[in-house]
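K.L.:
What follows is a single structure, and I will ask about it in a moment.
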Amino acid sequence: MNKLAVVCALFALGIAKVGAQTTMLPSVVSTLAGPVQPPAVTQYQLQQYLMERLSPLPRPSSPQQWTAEESRLRAHILNDVAFHGWPRSWVDASPHFEQTGVIETGHGYRIRKFRYEIVPGFMSTALFYEPEKITGHVPAILNLIGHEPGSIAVEYEQKRCINFAKRGIAALNLGWMEFGDLSQPENAHDYAADLDLVGSNALGLFYLAMKRGLDFLATSPEVDPSRIGATGLSGGGWQTVLLSALDPRVAVAVEVAGIGSRESNLASPGDLYEIEEDAPDLMQGFDYPEFIAMRAPRPTLLVHNVVDSCCFRAPLVKPYIYENVKPIFALNGAPENLAWHENLNPGVHNYQRDNRIQTYRFFTEHFHMPVADTEIFSDAEIHTPKELAISVPADNQTVLGLARSFAAQIHRLPLPADSAERAHWMQTKRDQLTSVVRYHQVSVERAFRTANSKGMDFQSLSYRFDLSNGLSATGIWFKEDNSPDAEPVTIVLNDEGYKAAGQQVFDSLSSGHDVLALDLLFTGATRPDLPDSSDWVLLVDSSGDRSLGLEAAQLLSIVRWLHAERGIRDVQMQTSGIRTQVVALVAAALDPEAFSSVNTQHGMQSLAYLLDKPVSLRAAPDLFCLDLYKDFDIDYLTELASPAKIGQTSVLVQ
């Protein structure tokens, strides 16, 4: 054969190969489109996993034993959880309330308008419904608003506070971040996740906001400090339970549709959609019924709605938060002090007339006043939002702004130049990373082959990887027909799941690699059965684990499976997106020998990107890991991953 014929033959072979590869891409994409595991399986596994980590409600043998346990729990939740990372001077600060106006109603009470400081530079608002005629000291009630766009101007809040004031009870109605006067976009509650990222537990901000109101009432000269109550609907009910359990100054509490239990919440994870309700470590070996039990024997009324259109339906939560807690109140000699009301009219999510009348009756009875069992008509006294508006400074801090200010104070030492010092630094930081992401090694107990396919010049096997902690991951193994049984193998991770990784898989196959397209927990085919898996991430982090640590542990366990079962030593990582970038870097930093390389498309140069863009909690919930950015960044993780080669293409702009 002459040289021209050889060249033509080689050219023809090249065209054939290119053509085969071009037709192979749609076949790869089609194979990746089929999920390996139904989402309901992941959801069930998560339910079981989280239930196993919940301790049962304590059964003390004496009031003294429970009092000691209550004190221990209170100190732990406040100091170790809520105030984690918060300046102690802020926590212990005296209340600072500034009156901005007064509405003289002419109906036996006045409304004072206040601005108050949550933390330095961050003001919130409040309305103080004050009886006109005060003799001696009067009882007072802290009214806590929920996720209500109308905030403290909403009608049912006004009617309740007016009724309290007309009965001689002072009523302080607190505004809430994200609503009403504080409705700035950067006050959205999800931005509290950025506080976690920079090292201050999100719960602390929400707790300090309501604690300031209690401080105000407890130090007001006209208020009887032994007769202070708290109440609220929904998010306000949650605040009521949390504050009144952790602060003994709340003598009487009425919660309305604000909490459930671990059992009810795992059955309906959307009930706990808000980050403050599932703050990191809040539910570590603990549950909301304990908060109710911590009230014993102080009078506590739980109000829930039968067909609640939002959450915490009465028949679903009563066995856990009421019946299960009743014995602890009985142990303290006051079983009647834990009361229950089930609302049928209207029965949906509400603090309307029936629920308000139950509240008036309960507070007046336990404040030792004439018992009120009706509502005083006050429709003509309702003010417009404009009339009740309270201005805050133009430069008022926001939730996101506060997180950014904390981030600006982070100063990391440069990496040591001396080799011995660097080795010590790397081990110390690796131990710290293990703690921050709560990493616990797991193993692949079973690798089920669930499906296979034959595509254009390749074959595939689908796997479900059952892990030793009861959770699972899913993956699809690709191999070209003519490729040798040899290394390397490329693991492909994509933020959108392997269904979106067709080009990544195709490129690696074309370079002669076998490919494992992998979906870890909370990603792609291994997402739980909800439109938004971020609820489950919050539940995991609240239980004391970290979703980021679970994902890194899954990835490393599958790498070890590749080593042991397939004899593969050279494992390369290809990731696309910021979530899988960080999971892979954390895994490589924890086990530097796991991967020969980690290459990321569409990644970050720094975790500061999460704050600067800003990235939504719901878009990347696993990355908002408590203390992660405070202690680490992409450069630190890259250094810890050595000797693995770390690279990036298509870096996102900071």
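By order in the structure tokens, chains are A, B, ...; within a chain, residues start at 1; ligands start at 1, following the order shown.
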Restrict the calculation to only C-alpha atoms, then for each residue of region 479-560 of chain A with any atom at most 8 Å from an atom of region 452-460 of chain A give the closest atom pair and their distance in Å to one decimal, rows by chain and rising residue number, as a tab-separated table.
P.N.:
residue	atom	partner	partner_atom	distance
A:Lys479	CA	A:Phe458	CA	5.4
A:Glu480	CA	A:Phe458	CA	4.1
A:Asp481	CA	A:Phe458	CA	5.0
A:Asn482	CA	A:Asp457	CA	7.9
K.L.:
Write out as a PyMOL selection string the set of residues from region 308-536 of chain A that DSSP, computed on the backbone, places in strand (DSSP E or B).
P.N.:
chain A and resi 338-343+444-455+458-467+472-480+489-494+514-519
K.L.:
Select from region 323-358 of chain A every residue with an atom at most 12 Å from any atom of region 65-86 of chain A, then for each give the shortest pair of atoms and their distance in Å to one decimal, using only C-alpha atoms, rows by chain and rising number, as JSON lines.
P.N.:
{"residue": "A:Pro327", "atom": "CA", "partner": "A:Trp66", "partner_atom": "CA", "distance": 11.6}
{"residue": "A:Ile328", "atom": "CA", "partner": "A:Trp66", "partner_atom": "CA", "distance": 8.2}
{"residue": "A:Phe329", "atom": "CA", "partner": "A:Trp66", "partner_atom": "CA", "distance": 10.3}
{"residue": "A:Ala330", "atom": "CA", "partner": "A:Trp66", "partner_atom": "CA", "distance": 11.9}
{"residue": "A:Leu331", "atom": "CA", "partner": "A:Trp66", "partner_atom": "CA", "distance": 9.1}
{"residue": "A:Asn332", "atom": "CA", "partner": "A:Trp66", "partner_atom": "CA", "distance": 8.9}
K.L.:
Go ahead and save the residues from that selection, with N, CA, C and O atoms, as a short mmCIF file (atom, residue, chain, number, x, y, z; two decimals), in the first residue's frame.
P.N.:
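So the final result, stored in again39.cif, reads:
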data_model
loop_
_atom_site.label_atom_id
_atom_site.label_comp_id
_atom_site.auth_asym_id
_atom_site.auth_seq_id
_atom_site.Cartn_x
_atom_site.Cartn_y
_atom_site.Cartn_z
N PRO A 327 -47.19 13.52 81.68
CA PRO A 327 -46.67 12.92 82.92
C PRO A 327 -45.62 13.77 83.63
O PRO A 327 -45.51 13.70 84.86
N ILE A 328 -44.85 14.56 82.89
CA ILE A 328 -43.83 15.40 83.55
C ILE A 328 -44.50 16.53 84.31
O ILE A 328 -44.06 16.89 85.41
N PHE A 329 -45.58 17.10 83.78
CA PHE A 329 -46.34 18.09 84.53
C PHE A 329 -46.98 17.45 85.74
O PHE A 329 -47.03 18.04 86.83
N ALA A 330 -47.49 16.21 85.59
CA ALA A 330 -48.09 15.51 86.73
C ALA A 330 -47.05 15.23 87.80
O ALA A 330 -47.33 15.33 89.01
N LEU A 331 -45.85 14.86 87.39
CA LEU A 331 -44.76 14.61 88.34
C LEU A 331 -44.50 15.84 89.19
O LEU A 331 -44.16 15.74 90.38
N ASN A 332 -44.66 17.02 88.58
CA ASN A 332 -44.45 18.27 89.31
C ASN A 332 -45.70 18.76 90.03
O ASN A 332 -45.74 19.90 90.51
#
K.L.:
Which residues are near Met294 (chain A)? Cut-off 8 Å, only C-alpha atoms, ignore same chain within fewer than 2 positions. Put them as a ChimeraX atom specification.
P.N.:
/A:70,245-246,290-292,296
K.L.:
Write out, as a PDB file, in the first residue's frame, the residues just selected, with C-alpha atoms.
P.N.:
ATOM      1  CA  GLU A  70     -33.981  21.043  82.732  1.00  0.00           C
ATOM      2  CA  ALA A 245     -38.633  26.958  77.695  1.00  0.00           C
ATOM      3  CA  LEU A 246     -35.223  28.589  77.848  1.00  0.00           C
ATOM      4  CA  GLU A 290     -38.562  18.483  75.602  1.00  0.00           C
ATOM      5  CA  PHE A 291     -39.093  22.214  75.204  1.00  0.00           C
ATOM      6  CA  ILE A 292     -42.681  21.789  76.377  1.00  0.00           C
ATOM      7  CA  ALA A 296     -43.260  22.173  83.833  1.00  0.00           C
TER       8      ALA A 296
END
K.L.:
Give me, please, the distance in Å between CA of Gln352 (chain A) and CA of Glu104 (chain A), quoted to one decimal.
P.N.:
25.5 Å
K.L.:
Restricting the calculation to only C-alpha atoms: of A:Leu233, A:Val29, A:Val36, A:Val303, which residue gets closest to Thr526 (chain A)?
P.N.:
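Nearest to Thr526 (chain A): A:Val36.
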K.L.:
Check which residues of region 101-125 of chain A sit at most 12 Å from region 399-413 of chain A using only C-alpha atoms, and return one row each with the closest pair of atoms and their distance in Å to one decimal, ordered by chain and rising number, as a Markdown table.
P.N.:
| residue | atom | partner | partner_atom | distance |
| --- | --- | --- | --- | --- |
| A:Ile118 | CA | A:Val399 | CA | 11.1 |
| A:Val119 | CA | A:Leu402 | CA | 9.5 |
| A:Pro120 | CA | A:Leu402 | CA | 9.8 |
| A:Gly121 | CA | A:Leu402 | CA | 9.0 |
| A:Phe122 | CA | A:Leu402 | CA | 8.4 |
| A:Met123 | CA | A:Val399 | CA | 11.1 |
| A:Ser124 | CA | A:Val399 | CA | 11.7 |
K.L.:
Quick one: residues within 8 Å of Glu551 (chain A), only C-alpha atoms counted, chain neighbours fewer than 2 positions away excluded, as a list of chain:residue names?
P.N.:
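Within the cut-off, the hits are A:Leu520, A:Leu521, A:Ser547, A:Leu548, A:Gly549, A:Ala553, A:Gln554, A:Leu555, A:Val583.
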K.L.:
Can you tell me, as a ChimeraX atom specification, what residues are no more than 10 Å from region 92-96 of chain A when counting only C-alpha atoms, ignoring any on the same chain fewer than 5 positions away?
P.N.:
/A:87,114-120,123,208,211-217,219
K.L.:
Just write the chosen residues, N, CA, C and O atoms, as a tab-separated table (two decimals), in the first residue's frame.
P.N.:
chain	number	residue	atom	x	y	z
A	87	PRO	N	-20.67	37.13	70.02
A	87	PRO	CA	-19.93	37.85	71.06
A	87	PRO	C	-20.71	37.87	72.37
A	87	PRO	O	-21.89	38.21	72.39
A	114	PHE	N	-41.88	51.71	69.23
A	114	PHE	CA	-40.48	51.59	69.64
A	114	PHE	C	-39.61	51.04	68.51
A	114	PHE	O	-40.06	50.21	67.71
A	115	ARG	N	-38.38	51.51	68.49
A	115	ARG	CA	-37.28	50.80	67.82
A	115	ARG	C	-36.42	50.18	68.91
A	115	ARG	O	-36.23	50.78	69.97
A	116	TYR	N	-35.91	48.99	68.65
A	116	TYR	CA	-35.02	48.39	69.64
A	116	TYR	C	-33.87	47.67	68.95
A	116	TYR	O	-33.97	47.24	67.80
A	117	GLU	N	-32.78	47.53	69.68
A	117	GLU	CA	-31.56	46.96	69.12
A	117	GLU	C	-31.49	45.46	69.38
A	117	GLU	O	-31.56	45.02	70.53
A	118	ILE	N	-31.37	44.70	68.30
A	118	ILE	CA	-31.16	43.25	68.44
A	118	ILE	C	-29.69	43.00	68.77
A	118	ILE	O	-29.36	42.36	69.77
A	119	VAL	N	-28.82	43.49	67.90
A	119	VAL	CA	-27.37	43.50	68.12
A	119	VAL	C	-26.89	44.85	67.60
A	119	VAL	O	-27.63	45.56	66.90
A	120	PRO	N	-25.68	45.27	67.91
A	120	PRO	CA	-25.22	46.59	67.48
A	120	PRO	C	-25.41	46.84	65.99
A	120	PRO	O	-24.99	46.05	65.14
A	123	MET	N	-31.50	47.23	64.15
A	123	MET	CA	-32.69	47.64	64.88
A	123	MET	C	-33.91	46.87	64.39
A	123	MET	O	-34.04	46.56	63.20
A	208	LEU	N	-31.99	36.22	70.23
A	208	LEU	CA	-31.71	37.55	70.78
A	208	LEU	C	-32.81	38.53	70.43
A	208	LEU	O	-33.17	39.40	71.24
A	211	LYS	N	-35.60	37.75	72.86
A	211	LYS	CA	-35.16	37.95	74.24
A	211	LYS	C	-35.16	39.43	74.60
A	211	LYS	O	-35.48	39.80	75.74
A	212	ARG	N	-34.83	40.31	73.65
A	212	ARG	CA	-34.83	41.74	73.94
A	212	ARG	C	-36.21	42.20	74.38
A	212	ARG	O	-36.35	43.06	75.27
A	213	GLY	N	-37.26	41.66	73.76
A	213	GLY	CA	-38.61	42.02	74.17
A	213	GLY	C	-38.93	41.58	75.58
A	213	GLY	O	-39.56	42.31	76.35
A	214	LEU	N	-38.49	40.38	75.93
A	214	LEU	CA	-38.70	39.89	77.29
A	214	LEU	C	-37.91	40.73	78.29
A	214	LEU	O	-38.41	41.05	79.38
A	215	ASP	N	-36.69	41.12	77.92
A	215	ASP	CA	-35.90	42.00	78.78
A	215	ASP	C	-36.63	43.31	79.03
A	215	ASP	O	-36.64	43.84	80.15
A	216	PHE	N	-37.23	43.86	77.98
A	216	PHE	CA	-37.96	45.13	78.09
A	216	PHE	C	-39.09	45.01	79.09
A	216	PHE	O	-39.26	45.87	79.98
A	217	LEU	N	-39.89	43.96	78.95
A	217	LEU	CA	-41.02	43.79	79.87
A	217	LEU	C	-40.55	43.56	81.30
A	217	LEU	O	-41.11	44.11	82.25
A	219	THR	N	-38.02	44.60	82.81
A	219	THR	CA	-37.42	45.77	83.45
A	219	THR	C	-38.33	46.99	83.41
A	219	THR	O	-37.93	48.07	83.87
K.L.:
What is the distance, in Å and to one decimal place, between CA of Gly577 (chain A) and CA of Gly603 (chain A)?
P.N.:
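Between CA of Gly577 (chain A) and CA of Gly603 (chain A) the gap works out to 5.3 Å.
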K.L.:
Check region 158-396 of chain A with DSSP on the backbone and list each residue it calls helix (DSSP H, G or I), as a ChimeraX atom specification.
P.N.:
/A:158-166,180-182,185-187,189-197,202-219,235-246,262-267,269-272,275-278,288-293,314-323,326-331,335-337,353-366,379-381,385-388
K.L.:
Which is closest to Val492 (chain A) among A:Thr428, A:Asn469, A:Asn305, A:Asn599, if we use only C-alpha atoms?
P.N.:
A:Asn599
K.L.:
Residues at most 8 Å from region 505-513 of chain A, counting only C-alpha atoms, excluding those fewer than 3 positions away in the same chain, as a list of chain:residue names?
P.N.:
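Residues meeting the cut-off are A:Gln21, A:Met24, A:Leu25, A:Val28, A:Phe478, A:Lys479, A:Glu480, A:Ser483, A:Glu487, A:Pro488, A:Val489, A:Thr490, A:Val492, A:Ala501, A:Gly502, A:Ala517.
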K.L.:
Please produce an output containing C-alpha atoms for each residue in the selection, written as an mmCIF file, in the first residue's frame.
P.N.:
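Output (part19.cif):
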data_model
loop_
_atom_site.group_PDB
_atom_site.id
_atom_site.type_symbol
_atom_site.label_atom_id
_atom_site.label_comp_id
_atom_site.auth_asym_id
_atom_site.auth_seq_id
_atom_site.Cartn_x
_atom_site.Cartn_y
_atom_site.Cartn_z
ATOM 1 C CA GLN A 21 -18.247 9.229 19.242
ATOM 2 C CA MET A 24 -22.357 7.867 21.290
ATOM 3 C CA LEU A 25 -23.187 11.119 23.141
ATOM 4 C CA VAL A 28 -24.863 8.247 26.973
ATOM 5 C CA PHE A 478 -19.736 3.263 31.823
ATOM 6 C CA LYS A 479 -17.146 1.292 29.888
ATOM 7 C CA GLU A 480 -16.158 1.499 26.228
ATOM 8 C CA SER A 483 -11.162 -0.336 26.460
ATOM 9 C CA GLU A 487 -6.990 2.237 35.371
ATOM 10 C CA PRO A 488 -7.748 5.096 35.559
ATOM 11 C CA VAL A 489 -11.408 5.522 36.491
ATOM 12 C CA THR A 490 -13.123 8.887 36.510
ATOM 13 C CA VAL A 492 -18.250 12.268 37.641
ATOM 14 C CA ALA A 501 -23.543 14.995 33.185
ATOM 15 C CA GLY A 502 -23.752 13.605 29.650
ATOM 16 C CA ALA A 517 -21.424 8.826 37.165
#
K.L.:
Measure the distance from CA of Val223 (chain A) to CA of Val241 (chain A) in Å and round it to one decimal.
P.N.:
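These atoms are spaced 21.6 Å apart.
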K.L.:
Restricting the calculation to only C-alpha atoms, which member of A:Gln184, A:Glu148, A:Ser606, A:Ala644 is positioned closest to Val392 (chain A)?
P.N.:
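Closest to Val392 (chain A), using only C-alpha atoms: A:Gln184.
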